[in-house]
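Shown next: model32.cif, containing mmCIF, C-alpha atoms.
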data_query
loop_
_atom_site.label_atom_id
_atom_site.label_comp_id
_atom_site.auth_asym_id
_atom_site.auth_seq_id
_atom_site.Cartn_x
_atom_site.Cartn_y
_atom_site.Cartn_z
CA MET A 1 0.08 -4.02 -100.62
CA GLU A 2 -1.59 -0.91 -99.22
CA ILE A 3 -2.14 -2.53 -95.82
CA ALA A 4 1.54 -3.52 -95.57
CA ASP A 5 2.46 0.05 -96.57
CA GLY A 6 0.15 1.52 -93.91
CA TYR A 7 1.44 -0.88 -91.27
CA ALA A 8 5.06 0.07 -92.01
CA ARG A 9 4.25 3.78 -91.89
CA ALA A 10 2.26 3.51 -88.65
CA THR A 11 4.63 1.23 -86.74
CA GLN A 12 8.03 2.14 -88.22
CA SER A 13 8.46 -1.61 -88.80
CA VAL A 14 8.70 -3.75 -91.92
CA GLY A 15 5.36 -4.33 -93.62
CA VAL A 16 4.77 -7.64 -95.40
CA ALA A 17 2.45 -8.40 -98.31
CA MET A 18 1.94 -11.57 -100.35
CA THR A 19 0.54 -12.02 -103.83
CA GLY A 20 0.14 -14.61 -106.53
CA THR A 21 1.91 -14.57 -109.87
CA GLY A 22 0.84 -12.69 -112.98
CA PRO A 23 -2.00 -10.24 -112.41
CA GLY A 24 -1.43 -10.41 -108.65
CA ALA A 25 2.10 -9.13 -109.13
CA THR A 26 1.10 -6.35 -111.53
CA ASN A 27 -1.57 -5.17 -109.08
CA THR A 28 1.16 -4.36 -106.55
CA LEU A 29 3.20 -2.07 -108.82
CA THR A 30 1.56 1.19 -107.74
CA GLY A 31 1.97 0.30 -104.07
CA ILE A 32 5.61 -0.75 -104.55
CA ALA A 33 6.32 2.48 -106.43
CA GLY A 34 4.80 4.50 -103.58
CA CYS A 35 6.89 2.66 -101.00
CA TYR A 36 10.02 3.21 -103.05
CA ALA A 37 9.31 6.94 -103.49
CA ASP A 38 8.56 7.39 -99.78
CA ASN A 39 11.30 5.07 -98.45
CA ILE A 40 8.88 2.63 -96.80
CA PRO A 41 10.27 -0.82 -95.88
CA VAL A 42 7.84 -3.39 -97.28
CA LEU A 43 8.60 -7.01 -98.13
CA LEU A 44 6.54 -8.35 -101.03
CA LEU A 45 6.38 -12.14 -101.19
CA ASN A 46 5.54 -12.70 -104.83
CA GLY A 47 4.22 -16.09 -105.89
CA ALA A 48 5.76 -17.46 -109.08
CA ALA A 49 5.46 -20.29 -111.57
CA PRO A 50 7.58 -23.40 -110.95
CA LEU A 51 11.28 -22.90 -111.68
CA ARG A 52 11.18 -24.91 -114.90
CA HIS A 53 8.55 -22.50 -116.27
CA LEU A 54 10.07 -19.17 -115.15
CA GLY A 55 10.56 -16.87 -118.10
CA LYS A 56 8.21 -18.84 -120.37
CA GLU A 57 5.01 -16.85 -119.71
CA TYR A 58 3.45 -19.90 -118.05
CA GLN A 59 -0.05 -19.33 -116.62
CA GLN A 60 -0.05 -15.55 -117.00
CA GLU A 61 3.44 -15.32 -115.56
CA VAL A 62 4.90 -11.82 -115.40
CA SER A 63 8.66 -11.48 -115.02
CA SER A 64 9.87 -10.07 -111.73
CA SER A 65 11.83 -7.56 -113.82
CA ILE A 66 8.68 -5.40 -113.71
CA PHE A 67 9.93 -4.36 -110.27
CA ASP A 68 13.36 -3.26 -111.50
CA GLY A 69 13.96 0.35 -110.54
CA LEU A 70 11.19 0.24 -107.90
CA VAL A 71 12.84 -1.89 -105.22
CA LYS A 72 16.03 -1.86 -103.19
CA TRP A 73 16.63 -5.54 -103.78
CA LYS A 74 14.91 -8.43 -105.54
CA GLY A 75 15.58 -12.14 -105.04
CA THR A 76 14.27 -15.50 -106.20
CA LEU A 77 14.01 -18.63 -104.07
CA THR A 78 15.62 -21.42 -106.09
CA ARG A 79 16.20 -24.07 -103.40
CA VAL A 80 14.68 -24.76 -100.00
CA ASP A 81 18.14 -24.64 -98.43
CA ASP A 82 18.60 -21.06 -99.69
CA ILE A 83 15.50 -19.66 -97.96
CA PRO A 84 17.21 -18.55 -94.70
CA GLY A 85 20.07 -16.84 -96.54
CA ILE A 86 17.76 -15.06 -98.97
CA MET A 87 15.54 -13.92 -96.09
CA ARG A 88 18.62 -12.51 -94.34
CA ARG A 89 19.57 -10.61 -97.49
CA ALA A 90 16.04 -9.32 -97.85
CA PHE A 91 15.84 -8.05 -94.27
CA THR A 92 19.33 -6.61 -94.44
CA ALA A 93 18.25 -4.60 -97.50
CA LEU A 94 15.01 -3.57 -95.77
CA ARG A 95 16.77 -2.36 -92.63
CA SER A 96 20.03 -0.91 -93.93
CA GLY A 97 20.62 2.54 -95.32
CA SER A 98 17.59 4.27 -96.73
CA PRO A 99 14.47 2.11 -96.28
CA GLY A 100 12.56 0.81 -99.26
CA PRO A 101 10.67 -2.17 -100.67
CA VAL A 102 12.12 -5.62 -101.38
CA VAL A 103 10.55 -8.32 -103.58
CA LEU A 104 11.07 -12.06 -103.14
CA GLU A 105 9.92 -14.26 -106.00
CA MET A 106 8.69 -17.60 -104.64
CA PRO A 107 8.27 -20.40 -107.21
CA GLY A 108 5.57 -22.86 -106.17
CA ASP A 109 7.77 -25.93 -106.54
CA VAL A 110 10.38 -24.50 -104.17
CA LEU A 111 7.74 -23.64 -101.58
CA SER A 112 6.23 -27.12 -101.70
CA ALA A 113 9.58 -28.95 -101.68
CA GLU A 114 10.76 -30.87 -98.63
CA GLY A 115 13.72 -29.59 -96.70
CA ALA A 116 15.61 -30.60 -93.59
CA ASP A 117 14.61 -28.68 -90.47
CA ALA A 118 18.27 -27.82 -89.87
CA ALA A 119 18.49 -26.17 -93.30
CA LEU A 120 15.66 -23.81 -92.40
CA GLN A 121 17.20 -22.40 -89.20
CA TYR A 122 17.04 -18.63 -89.35
CA ASP A 123 18.79 -16.06 -87.21
CA PRO A 124 16.88 -12.79 -87.44
CA VAL A 125 18.69 -9.72 -88.69
CA GLY A 126 19.13 -7.06 -86.03
CA PRO A 127 18.17 -3.43 -86.46
CA GLY A 128 19.76 -1.75 -89.44
CA ARG A 129 22.49 0.81 -89.24
CA LYS A 130 22.59 4.08 -91.05
CA ALA A 131 25.91 5.35 -92.35
CA ALA A 132 27.44 7.99 -90.09
CA PRO A 133 30.80 9.76 -89.84
CA ASP A 134 33.34 8.92 -87.18
CA PRO A 135 32.58 11.05 -84.06
CA GLN A 136 36.28 11.97 -83.78
CA ASP A 137 36.23 13.37 -87.33
CA ILE A 138 33.23 15.53 -86.42
CA GLU A 139 35.04 16.78 -83.31
CA ARG A 140 38.17 17.69 -85.32
CA ALA A 141 36.12 19.50 -87.96
CA ALA A 142 34.22 21.44 -85.29
CA ASP A 143 37.50 22.42 -83.57
CA PHE A 144 38.94 23.59 -86.87
CA LEU A 145 35.86 25.68 -87.65
CA VAL A 146 35.87 27.27 -84.19
CA GLN A 147 39.56 28.18 -84.49
CA ALA A 148 39.37 29.46 -88.08
CA THR A 149 39.29 33.21 -88.62
CA SER A 150 38.70 33.16 -92.37
CA HIS A 151 38.11 30.68 -95.14
CA SER A 152 41.55 31.40 -96.60
CA GLN A 153 43.38 30.63 -93.37
CA CYS A 154 44.15 27.06 -94.39
CA ARG A 155 45.78 26.66 -97.76
CA ARG A 156 47.04 23.13 -97.29
CA TRP A 157 45.86 20.20 -95.16
CA ARG A 158 48.49 18.04 -93.47
CA PRO A 159 48.11 14.44 -92.27
CA GLY A 160 46.17 14.15 -89.05
CA GLY A 161 43.74 16.91 -90.01
CA ARG A 162 46.10 19.82 -89.30
CA CYS A 163 46.24 22.98 -91.30
CA GLY A 164 49.65 24.15 -92.44
#
As structure tokens, the full file:
Amino acid sequence: MEIADGYARATQSVGVAMTGTGPGATNTLTGIAGCYADNIPVLLLNGAAPLRHLGKEYQQEVSSSIFDGLVKWKGTLTRVDDIPGIMRRAFTALRSGSPGPVVLEMPGDVLSAEGADAALQYDPVGPGRKAAPDPQDIERAADFLVQATSHSQCRRWRPGGRCG
């Protein structure tokens, strides 16, 4: 986890880490918490018990809910055909808005299942976008501030951003 964190910090790219289920997942908590606190985009690929055993404490299984509150988004692979869509959601979360960690739970039976090559086609997500105001709104606000002589000059806003 720490190497993925360092990579993301040094390169301004997404860091990726992979772990097994149970103790492997719990060992990443401190690193995930650090990435969340510092807004570092790291994708944790978390191994998991087969789907039929999820939630039954099978082979030291630890619920992925341990990451709640420490990640931007968390997903579980439930079918081979869903992998491209879930990866898109993961990378959209990693690259949109404020950066932060994402966890994907990967049950062993889903990872070892057969799937059609066509079902696994993936179109990478482009660079994320940060929310920003409309440039025209900024221009109007700046014009208003330049023309204002006092804070009490405008008592009522009219449609179109005019004072009156």
**Request:** Taking the point (6.8, -25.0, -112.2) as given in the file, collect each protein or nucleic acid residue that comes within 7 Å of it, counting all atoms listed in the file, and present the set as a PyMOL selection string.
**Result:** chain A and resi 49-53+107-109
**Item:** Selected residue of minimal separation from Gly15 in chain A among A:Val62, A:Ala116, A:Cys35, A:Leu43, counting all atoms listed in the file
**Value:** A:Leu43
**Message:** Which residues are near Pro101 in chain A? Cut-off 6 Å, only C-alpha atoms, ignore same chain within fewer than 6 positions. Put them as a ChimeraX atom specification.
**Reply:** /A:36,41-43,71-72
**Asked** Looking at A:Ala37, A:Ala4, A:Leu94, A:Ala25, which one is nearest to Glu61 in chain A, with distances taken over all atoms listed in the file?
**Response**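 Among the listed residues, A:Ala25 lies closest to Glu61 in chain A.
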Could you name the residues that touch Asp5 in chain A at 12 Å or less, counting only C-alpha atoms, but leaving out those on the same chain fewer than 4 positions away, as an mmCIF file with C-alpha atoms, in the coordinates of the input?
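Output below, filename out22.cif:
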data_model
loop_
_atom_site.group_PDB
_atom_site.id
_atom_site.type_symbol
_atom_site.label_atom_id
_atom_site.label_comp_id
_atom_site.auth_asym_id
_atom_site.auth_seq_id
_atom_site.Cartn_x
_atom_site.Cartn_y
_atom_site.Cartn_z
ATOM 1 C CA MET A 1 0.080 -4.020 -100.620
ATOM 2 C CA ARG A 9 4.250 3.780 -91.890
ATOM 3 C CA ALA A 10 2.260 3.510 -88.650
ATOM 4 C CA THR A 11 4.630 1.230 -86.740
ATOM 5 C CA GLN A 12 8.030 2.140 -88.220
ATOM 6 C CA SER A 13 8.460 -1.610 -88.800
ATOM 7 C CA VAL A 14 8.700 -3.750 -91.920
ATOM 8 C CA GLY A 15 5.360 -4.330 -93.620
ATOM 9 C CA VAL A 16 4.770 -7.640 -95.400
ATOM 10 C CA ALA A 17 2.450 -8.400 -98.310
ATOM 11 C CA THR A 28 1.160 -4.360 -106.550
ATOM 12 C CA THR A 30 1.560 1.190 -107.740
ATOM 13 C CA GLY A 31 1.970 0.300 -104.070
ATOM 14 C CA ILE A 32 5.610 -0.750 -104.550
ATOM 15 C CA ALA A 33 6.320 2.480 -106.430
ATOM 16 C CA GLY A 34 4.800 4.500 -103.580
ATOM 17 C CA CYS A 35 6.890 2.660 -101.000
ATOM 18 C CA TYR A 36 10.020 3.210 -103.050
ATOM 19 C CA ALA A 37 9.310 6.940 -103.490
ATOM 20 C CA ASP A 38 8.560 7.390 -99.780
ATOM 21 C CA ASN A 39 11.300 5.070 -98.450
ATOM 22 C CA ILE A 40 8.880 2.630 -96.800
ATOM 23 C CA PRO A 41 10.270 -0.820 -95.880
ATOM 24 C CA VAL A 42 7.840 -3.390 -97.280
ATOM 25 C CA LEU A 43 8.600 -7.010 -98.130
ATOM 26 C CA LEU A 44 6.540 -8.350 -101.030
ATOM 27 C CA GLY A 100 12.560 0.810 -99.260
ATOM 28 C CA PRO A 101 10.670 -2.170 -100.670
#
**Prompt:** What is the distance, in Å and to one decimal place, between CA of Gly85 in chain A and CA of Leu120 in chain A?
**Reply:**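 If I compute the distance from CA of Gly85 in chain A to CA of Leu120 in chain A, I get 9.2 Å.
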